[in-house]
file upload.pdb (PDB, C-alpha atoms)
ATOM      1  CA  MET C   1    -114.457 -70.941 -22.716
ATOM      2  CA  GLU C   2    -117.911 -72.450 -23.007
ATOM      3  CA  ASN C   3    -120.424 -71.013 -25.439
ATOM      4  CA  ARG C   4    -122.652 -69.161 -23.000
ATOM      5  CA  GLU C   5    -125.352 -68.282 -25.539
ATOM      6  CA  ARG C   6    -125.739 -71.975 -26.388
ATOM      7  CA  ILE C   7    -125.890 -72.860 -22.691
ATOM      8  CA  VAL C   8    -128.626 -70.287 -22.108
ATOM      9  CA  ARG C   9    -130.633 -71.606 -25.092
ATOM     10  CA  GLU C  10    -130.294 -75.193 -23.882
ATOM     11  CA  THR C  11    -131.310 -74.121 -20.379
ATOM     12  CA  GLU C  12    -134.380 -72.340 -21.726
ATOM     13  CA  ALA C  13    -135.364 -75.527 -23.562
ATOM     14  CA  PHE C  14    -134.720 -77.622 -20.434
ATOM     15  CA  VAL C  15    -136.924 -75.336 -18.344
ATOM     16  CA  LYS C  16    -139.764 -75.472 -20.897
ATOM     17  CA  CYS C  17    -139.610 -79.282 -20.968
ATOM     18  CA  ASN C  18    -139.389 -79.712 -17.184
ATOM     19  CA  VAL C  19    -142.178 -77.601 -15.719
ATOM     20  CA  PRO C  20    -142.749 -78.744 -12.130
ATOM     21  CA  LYS C  21    -146.119 -80.437 -11.635
ATOM     22  CA  THR C  22    -146.932 -77.998  -8.818
ATOM     23  CA  ARG C  23    -146.400 -75.002 -11.104
ATOM     24  CA  ARG C  24    -149.338 -75.287 -13.445
ATOM     25  CA  PRO C  25    -150.641 -73.982 -15.711
ATOM     26  CA  GLU C  26    -147.438 -74.266 -17.687
ATOM     27  CA  GLU C  27    -147.826 -70.816 -19.238
ATOM     28  CA  THR C  28    -147.865 -69.152 -15.817
ATOM     29  CA  TYR C  29    -144.651 -70.897 -14.788
ATOM     30  CA  ILE C  30    -142.914 -70.048 -18.056
ATOM     31  CA  ARG C  31    -144.007 -66.388 -17.768
ATOM     32  CA  HIS C  32    -142.660 -66.290 -14.216
ATOM     33  CA  VAL C  33    -139.293 -67.864 -15.001
ATOM     34  CA  PHE C  34    -138.687 -65.955 -18.219
ATOM     35  CA  GLY C  35    -139.905 -62.731 -16.626
ATOM     36  CA  ALA C  36    -137.452 -63.253 -13.764
ATOM     37  CA  ARG C  37    -134.745 -63.862 -16.378
ATOM     38  CA  ASN C  38    -135.532 -60.574 -18.127
ATOM     39  CA  TYR C  39    -135.486 -58.577 -14.889
ATOM     40  CA  ALA C  40    -132.310 -60.335 -13.731
ATOM     41  CA  ARG C  41    -130.569 -59.404 -16.985
ATOM     42  CA  HIS C  42    -131.764 -55.800 -16.737
ATOM     43  CA  LEU C  43    -130.626 -55.424 -13.123
ATOM     44  CA  ALA C  44    -127.282 -57.142 -13.817
ATOM     45  CA  GLU C  45    -126.580 -54.655 -16.596
ATOM     46  CA  ILE C  46    -127.350 -51.715 -14.320
ATOM     47  CA  TYR C  47    -125.425 -53.042 -11.295
ATOM     48  CA  GLN C  48    -122.560 -54.551 -13.301
ATOM     49  CA  ALA C  49    -123.128 -58.064 -12.010
ATOM     50  CA  ASP C  50    -122.429 -61.349 -13.775
ATOM     51  CA  ILE C  51    -125.195 -61.357 -16.403
ATOM     52  CA  PHE C  52    -124.713 -64.992 -17.366
ATOM     53  CA  ALA C  53    -124.891 -66.170 -13.745
ATOM     54  CA  VAL C  54    -128.089 -64.264 -12.946
ATOM     55  CA  VAL C  55    -129.782 -65.270 -16.194
ATOM     56  CA  MET C  56    -128.995 -68.926 -15.506
ATOM     57  CA  ALA C  57    -130.122 -68.630 -11.881
ATOM     58  CA  ALA C  58    -133.367 -66.977 -12.935
ATOM     59  CA  LEU C  59    -134.123 -69.693 -15.469
ATOM     60  CA  LEU C  60    -133.464 -72.473 -12.945
ATOM     61  CA  HIS C  61    -134.619 -70.900  -9.671
ATOM     62  CA  ASP C  62    -137.937 -72.763  -9.432
ATOM     63  CA  ILE C  63    -137.076 -75.979 -11.285
ATOM     64  CA  GLY C  64    -137.274 -77.858  -7.965
ATOM     65  CA  ALA C  65    -140.679 -76.454  -6.998
ATOM     66  CA  ASP C  66    -142.211 -79.918  -6.575
ATOM     67  CA  ALA C  67    -140.193 -80.265  -3.359
ATOM     68  CA  GLY C  68    -142.521 -77.721  -1.689
ATOM     69  CA  ASN C  69    -142.066 -74.081  -0.720
ATOM     70  CA  ALA C  70    -139.665 -74.699   2.175
ATOM     71  CA  LYS C  71    -137.341 -76.995   0.198
ATOM     72  CA  HIS C  72    -137.689 -75.882  -3.397
ATOM     73  CA  ALA C  73    -134.610 -73.631  -3.517
ATOM     74  CA  LYS C  74    -132.381 -76.446  -2.278
ATOM     75  CA  GLU C  75    -133.969 -78.895  -4.742
ATOM     76  CA  SER C  76    -133.600 -76.334  -7.549
ATOM     77  CA  VAL C  77    -129.871 -76.142  -6.795
ATOM     78  CA  LYS C  78    -129.614 -79.946  -6.853
ATOM     79  CA  ILE C  79    -131.389 -80.257 -10.218
ATOM     80  CA  SER C  80    -129.386 -77.333 -11.620
ATOM     81  CA  LYS C  81    -126.088 -78.927 -10.600
ATOM     82  CA  GLU C  82    -127.041 -82.135 -12.378
ATOM     83  CA  PHE C  83    -128.223 -80.295 -15.490
ATOM     84  CA  LEU C  84    -125.241 -77.930 -15.710
ATOM     85  CA  GLU C  85    -122.602 -80.620 -15.114
ATOM     86  CA  GLU C  86    -122.259 -81.332 -18.847
ATOM     87  CA  PHE C  87    -121.343 -77.712 -19.598
ATOM     88  CA  LYS C  88    -118.190 -77.737 -17.436
ATOM     89  CA  LEU C  89    -118.656 -74.203 -16.150
ATOM     90  CA  ASP C  90    -115.884 -72.780 -13.997
ATOM     91  CA  ALA C  91    -116.317 -73.046 -10.216
ATOM     92  CA  LYS C  92    -116.770 -69.300  -9.690
ATOM     93  CA  THR C  93    -119.645 -69.126 -12.183
ATOM     94  CA  ARG C  94    -121.283 -72.286 -10.809
ATOM     95  CA  ASN C  95    -121.086 -70.896  -7.277
ATOM     96  CA  LYS C  96    -122.698 -67.614  -8.355
ATOM     97  CA  ILE C  97    -125.533 -69.479 -10.108
ATOM     98  CA  PHE C  98    -126.179 -71.887  -7.241
ATOM     99  CA  GLY C  99    -125.846 -69.173  -4.598
ATOM    100  CA  ALA C 100    -128.373 -66.985  -6.400
ATOM    101  CA  ILE C 101    -130.839 -69.878  -6.743
ATOM    102  CA  LYS C 102    -130.438 -70.784  -3.084
ATOM    103  CA  ALA C 103    -130.935 -67.166  -1.955
ATOM    104  CA  HIS C 104    -133.962 -66.279  -4.105
ATOM    105  CA  THR C 105    -136.667 -67.153  -1.576
ATOM    106  CA  LEU C 106    -138.378 -64.726   0.751
ATOM    107  CA  GLY C 107    -136.530 -64.297   4.045
ATOM    108  CA  THR C 108    -133.181 -65.624   2.832
ATOM    109  CA  SER C 109    -130.123 -63.443   3.455
ATOM    110  CA  VAL C 110    -128.002 -62.593   0.452
ATOM    111  CA  GLU C 111    -124.284 -62.370  -0.181
ATOM    112  CA  GLY C 112    -123.228 -60.502  -3.267
ATOM    113  CA  MET C 113    -124.931 -58.667  -6.075
ATOM    114  CA  GLU C 114    -125.952 -61.765  -8.053
ATOM    115  CA  GLN C 115    -127.972 -63.062  -5.106
ATOM    116  CA  ARG C 116    -129.488 -59.630  -4.490
ATOM    117  CA  ILE C 117    -130.480 -59.371  -8.149
ATOM    118  CA  MET C 118    -132.053 -62.840  -8.129
ATOM    119  CA  GLN C 119    -134.210 -61.954  -5.124
ATOM    120  CA  ASP C 120    -135.220 -58.702  -6.760
ATOM    121  CA  ALA C 121    -135.998 -60.265 -10.153
ATOM    122  CA  ASP C 122    -138.113 -62.996  -8.534
ATOM    123  CA  GLY C 123    -139.942 -60.356  -6.503
ATOM    124  CA  ILE C 124    -140.562 -58.030  -9.432
ATOM    125  CA  ILE C 125    -142.119 -60.724 -11.615
ATOM    126  CA  PHE C 126    -144.279 -61.833  -8.692
ATOM    127  CA  VAL C 127    -145.610 -58.301  -8.211
ATOM    128  CA  GLU C 128    -146.068 -57.818 -11.953
ATOM    129  CA  ASP C 129    -147.755 -61.105 -12.807
ATOM    130  CA  THR C 130    -147.338 -64.186 -10.619
ATOM    131  CA  TYR C 131    -149.487 -62.837  -7.797
ATOM    132  CA  LYS C 132    -152.513 -63.273 -10.112
ATOM    133  CA  SER C 133    -152.201 -67.070 -10.242
ATOM    134  CA  HIS C 134    -151.608 -67.195  -6.480
ATOM    135  CA  PHE C 135    -154.723 -65.108  -5.970
ATOM    136  CA  ASP C 136    -156.747 -67.356  -8.283
ATOM    137  CA  GLU C 137    -155.687 -70.377  -6.221
ATOM    138  CA  MET C 138    -156.584 -68.613  -2.973
ATOM    139  CA  LYS C 139    -160.061 -67.759  -4.273
ATOM    140  CA  LYS C 140    -160.772 -71.459  -4.742
ATOM    141  CA  THR C 141    -160.589 -72.110  -1.000
ATOM    142  CA  LEU C 142    -161.103 -68.737   0.687
ATOM    143  CA  PRO C 143    -163.809 -66.082   0.688
ATOM    144  CA  LEU C 144    -162.915 -63.246  -1.674
ATOM    145  CA  THR C 145    -162.180 -60.732   1.105
ATOM    146  CA  GLU C 146    -159.821 -63.177   2.857
ATOM    147  CA  ALA C 147    -158.085 -64.019  -0.434
ATOM    148  CA  LYS C 148    -157.611 -60.290  -1.101
ATOM    149  CA  THR C 149    -156.189 -59.783   2.377
ATOM    150  CA  GLN C 150    -153.768 -62.682   2.052
ATOM    151  CA  ILE C 151    -152.522 -61.769  -1.423
ATOM    152  CA  THR C 152    -152.086 -58.134  -0.327
ATOM    153  CA  GLU C 153    -149.976 -59.304   2.627
ATOM    154  CA  LYS C 154    -147.929 -61.543   0.308
ATOM    155  CA  LEU C 155    -147.371 -58.652  -2.099
ATOM    156  CA  GLN C 156    -146.123 -56.484   0.789
ATOM    157  CA  LYS C 157    -143.740 -59.238   1.954
ATOM    158  CA  VAL C 158    -142.405 -59.684  -1.556
ATOM    159  CA  MET C 159    -141.905 -55.925  -1.891
ATOM    160  CA  GLY C 160    -139.840 -56.119   1.290
ATOM    161  CA  LYS C 161    -137.345 -58.478  -0.317
ATOM    162  CA  ILE C 162    -136.655 -56.122  -3.248
ATOM    163  CA  LYS C 163    -133.689 -53.954  -2.270
ATOM    164  CA  THR C 164    -132.012 -52.401  -5.315
ATOM    165  CA  ASP C 165    -133.157 -48.899  -6.216
ATOM    166  CA  GLU C 166    -134.014 -49.978  -9.769
ATOM    167  CA  GLY C 167    -135.853 -53.077  -8.539
ATOM    168  CA  ILE C 168    -137.920 -51.029  -6.104
ATOM    169  CA  LYS C 169    -138.737 -48.487  -8.814
ATOM    170  CA  ILE C 170    -139.948 -51.179 -11.229
ATOM    171  CA  ALA C 171    -141.863 -53.163  -8.606
ATOM    172  CA  ASN C 172    -143.618 -50.077  -7.199
ATOM    173  CA  LYS C 173    -145.175 -49.404 -10.609
ATOM    174  CA  PHE C 174    -146.535 -52.957 -10.717
ATOM    175  CA  LEU C 175    -147.666 -52.850  -7.095
ATOM    176  CA  GLU C 176    -149.823 -49.830  -7.797
ATOM    177  CA  ASN C 177    -151.511 -51.677 -10.680
ATOM    178  CA  ALA C 178    -151.924 -54.861  -8.636
ATOM    179  CA  MET C 179    -153.602 -53.008  -5.782
ATOM    180  CA  LYS C 180    -155.996 -51.272  -8.184
ATOM    181  CA  GLU C 181    -156.899 -54.611  -9.785
ATOM    182  CA  LEU C 182    -157.512 -56.202  -6.383
ATOM    183  CA  GLU C 183    -159.687 -53.281  -5.267
ATOM    184  CA  ASN C 184    -161.904 -53.617  -8.328
ATOM    185  CA  MET C 185    -162.482 -57.353  -7.986
ATOM    186  CA  ASN C 186    -165.854 -58.506  -6.756
TER     187      ASN C 186
END
call {"tool": "encode", "arguments": {"input": "upload.pdb", "output": "structure tokens"}}
result
Amino acid sequence: MENRERIVRETEAFVKCNVPKTRRPEETYIRHVFGARNYARHLAEIYQADIFAVVMAALLHDIGADAGNAKHAKESVKISKEFLEEFKLDAKTRNKIFGAIKAHTLGTSVEGMEQRIMQDADGIIFVEDTYKSHFDEMKKTLPLTEAKTQITEKLQKVMGKIKTDEGIKIANKFLENAMKELENMN
């Protein structure tokens, strides 16, 4: 049996050293990935899913972001397979990790609790924090009112992908705060 704690630590280090160029500033990406990891672990404990698989998927879910939004999940799986090869994980665990990475994007159907949790964790951290960097990028090219409209629509779409009761409960708290912050921006 592989030492899963060591694998997680090495994966955390790998993620910190391999921030995709399209996911800058680095701190925002790290907050997103590690936030998704924390929510994935929390949800896995509640829903009795494979904690190791969802933690690993959360850490690696955006590692292929430089491939672009439409292809990044597939590229993240490819990079993750290469990285995880040395650890000789069993096929069932690998499949859970790769399936959860592949299914994390908006509009992707899920099979199994690990995939559901990965979608939820990615959505929760977006609603809590990541939306802010997306909004900042939008404001660079759009009038403020249009940027607010677009980020509000994106927040609603992301909320739609969160399906577990616990995930919805957590995300709703953050959504309320996000909407208040957006309202108060000039």
call {"tool": "closest_atom_pairs", "arguments": {"input": "upload.pdb", "of": "stretch 70-154 of chain C", "to": "stretch 44-66 of chain C", "cutoff": "10 Å", "atoms": "all atoms listed in the file", "output": "JSON lines"}}
result
{"residue": "C:Ala70", "atom": "CA", "partner": "C:Ala65", "partner_atom": "CA", "distance": 9.4}
{"residue": "C:Lys71", "atom": "CA", "partner": "C:Ala65", "partner_atom": "CA", "distance": 8.0}
{"residue": "C:His72", "atom": "CA", "partner": "C:Ala65", "partner_atom": "CA", "distance": 4.7}
{"residue": "C:Ala73", "atom": "CA", "partner": "C:Gly64", "partner_atom": "CA", "distance": 6.7}
{"residue": "C:Lys74", "atom": "CA", "partner": "C:Gly64", "partner_atom": "CA", "distance": 7.6}
{"residue": "C:Glu75", "atom": "CA", "partner": "C:Gly64", "partner_atom": "CA", "distance": 4.7}
{"residue": "C:Ser76", "atom": "CA", "partner": "C:Gly64", "partner_atom": "CA", "distance": 4.0}
{"residue": "C:Val77", "atom": "CA", "partner": "C:His61", "partner_atom": "CA", "distance": 7.6}
{"residue": "C:Lys78", "atom": "CA", "partner": "C:Gly64", "partner_atom": "CA", "distance": 8.0}
{"residue": "C:Ile79", "atom": "CA", "partner": "C:Gly64", "partner_atom": "CA", "distance": 6.7}
{"residue": "C:Ser80", "atom": "CA", "partner": "C:Leu60", "partner_atom": "CA", "distance": 6.5}
{"residue": "C:Phe83", "atom": "CA", "partner": "C:Leu60", "partner_atom": "CA", "distance": 9.8}
{"residue": "C:Leu84", "atom": "CA", "partner": "C:Met56", "partner_atom": "CA", "distance": 9.8}
{"residue": "C:Lys92", "atom": "CA", "partner": "C:Ala53", "partner_atom": "CA", "distance": 9.6}
{"residue": "C:Thr93", "atom": "CA", "partner": "C:Ala53", "partner_atom": "CA", "distance": 6.2}
{"residue": "C:Arg94", "atom": "CA", "partner": "C:Ala53", "partner_atom": "CA", "distance": 7.7}
{"residue": "C:Asn95", "atom": "CA", "partner": "C:Ala53", "partner_atom": "CA", "distance": 8.9}
{"residue": "C:Lys96", "atom": "CA", "partner": "C:Ala53", "partner_atom": "CA", "distance": 6.0}
{"residue": "C:Ile97", "atom": "CA", "partner": "C:Ala53", "partner_atom": "CA", "distance": 5.0}
{"residue": "C:Phe98", "atom": "CA", "partner": "C:Ala57", "partner_atom": "CA", "distance": 6.9}
{"residue": "C:Gly99", "atom": "CA", "partner": "C:Ala57", "partner_atom": "CA", "distance": 8.5}
{"residue": "C:Ala100", "atom": "CA", "partner": "C:Ala57", "partner_atom": "CA", "distance": 6.0}
{"residue": "C:Ile101", "atom": "CA", "partner": "C:His61", "partner_atom": "CA", "distance": 4.9}
{"residue": "C:Lys102", "atom": "CA", "partner": "C:His61", "partner_atom": "CA", "distance": 7.8}
{"residue": "C:Ala103", "atom": "CA", "partner": "C:His61", "partner_atom": "CA", "distance": 9.3}
{"residue": "C:His104", "atom": "CA", "partner": "C:His61", "partner_atom": "CA", "distance": 7.3}
{"residue": "C:Thr105", "atom": "CA", "partner": "C:His61", "partner_atom": "CA", "distance": 9.2}
{"residue": "C:Gly112", "atom": "CA", "partner": "C:Ala49", "partner_atom": "CA", "distance": 9.1}
{"residue": "C:Met113", "atom": "CA", "partner": "C:Ala49", "partner_atom": "CA", "distance": 6.2}
{"residue": "C:Glu114", "atom": "CA", "partner": "C:Val54", "partner_atom": "CA", "distance": 5.9}
{"residue": "C:Gln115", "atom": "CA", "partner": "C:Val54", "partner_atom": "CA", "distance": 7.9}
{"residue": "C:Arg116", "atom": "CA", "partner": "C:Val54", "partner_atom": "CA", "distance": 9.7}
{"residue": "C:Ile117", "atom": "CA", "partner": "C:Ala44", "partner_atom": "CA", "distance": 6.9}
{"residue": "C:Met118", "atom": "CA", "partner": "C:Val54", "partner_atom": "CA", "distance": 6.4}
{"residue": "C:Gln119", "atom": "CA", "partner": "C:Ala58", "partner_atom": "CA", "distance": 9.3}
{"residue": "C:Ala121", "atom": "CA", "partner": "C:Ala58", "partner_atom": "CA", "distance": 7.7}
{"residue": "C:Asp122", "atom": "CA", "partner": "C:Ala58", "partner_atom": "CA", "distance": 7.6}
call {"tool": "residues_around", "arguments": {"input": "upload.pdb", "residues": "C:Ile125", "least_positions_apart": "5", "cutoff": "7 Å", "atoms": "only C-alpha atoms", "output": "list in words"}}
result
His32, Gly35, Ala36 and Thr130 of chain C
call {"tool": "residues_around", "arguments": {"input": "upload.pdb", "residues": "C:Gly160", "least_positions_apart": "3", "cutoff": "12 Å", "atoms": "all atoms listed in the file", "output": "ChimeraX atom specification"}}
result
/C:105-108,119-120,123-124,127,153-157,163-164,167-168,171-172,175
call {"tool": "atom_distance", "arguments": {"input": "upload.pdb", "atom1": "atom CA of C:Val110", "atom2": "atom CA of C:Arg41"}}
result
17.9 Å
call {"tool": "residues_around", "arguments": {"input": "upload.pdb", "residues": "C:Cys17", "least_positions_apart": "5", "cutoff": "10 Å", "atoms": "all atoms listed in the file", "output": "list of chain:residue names"}}
result
C:Thr11, C:Glu12, C:Glu26
call {"tool": "closest_residue", "arguments": {"input": "upload.pdb", "among": "C:His134, C:Lys169, C:Arg23, C:Arg37", "to": "C:Val8", "atoms": "all atoms listed in the file"}}
result
C:Arg37
call {"tool": "closest_residue", "arguments": {"input": "upload.pdb", "among": "C:Lys148, C:Lys161, C:Arg4, C:His42", "to": "C:Met185", "atoms": "only C-alpha atoms"}}
result
C:Lys148
call {"tool": "closest_residue", "arguments": {"input": "upload.pdb", "among": "C:Ile7, C:Asn177, C:Tyr39, C:Lys16", "to": "C:Glu85", "atoms": "all atoms listed in the file"}}
result
C:Ile7
call {"tool": "closest_residue", "arguments": {"input": "upload.pdb", "among": "C:Leu43, C:Glu183, C:Tyr29, C:Lys81", "to": "C:Ile162", "atoms": "only C-alpha atoms"}}
result
C:Leu43
call {"tool": "atom_distance", "arguments": {"input": "upload.pdb", "atom1": "atom CA of C:Val15", "atom2": "atom CA of C:Thr28"}}
result
12.8 Å
call {"tool": "atom_distance", "arguments": {"input": "upload.pdb", "atom1": "atom CA of C:Phe126", "atom2": "atom CA of C:Phe174"}}
result
9.4 Å
call {"tool": "closest_residue", "arguments": {"input": "upload.pdb", "among": "C:Thr152, C:Ala178, C:Lys140, C:Ser133", "to": "C:Pro25", "atoms": "all atoms listed in the file"}}
result
C:Ser133
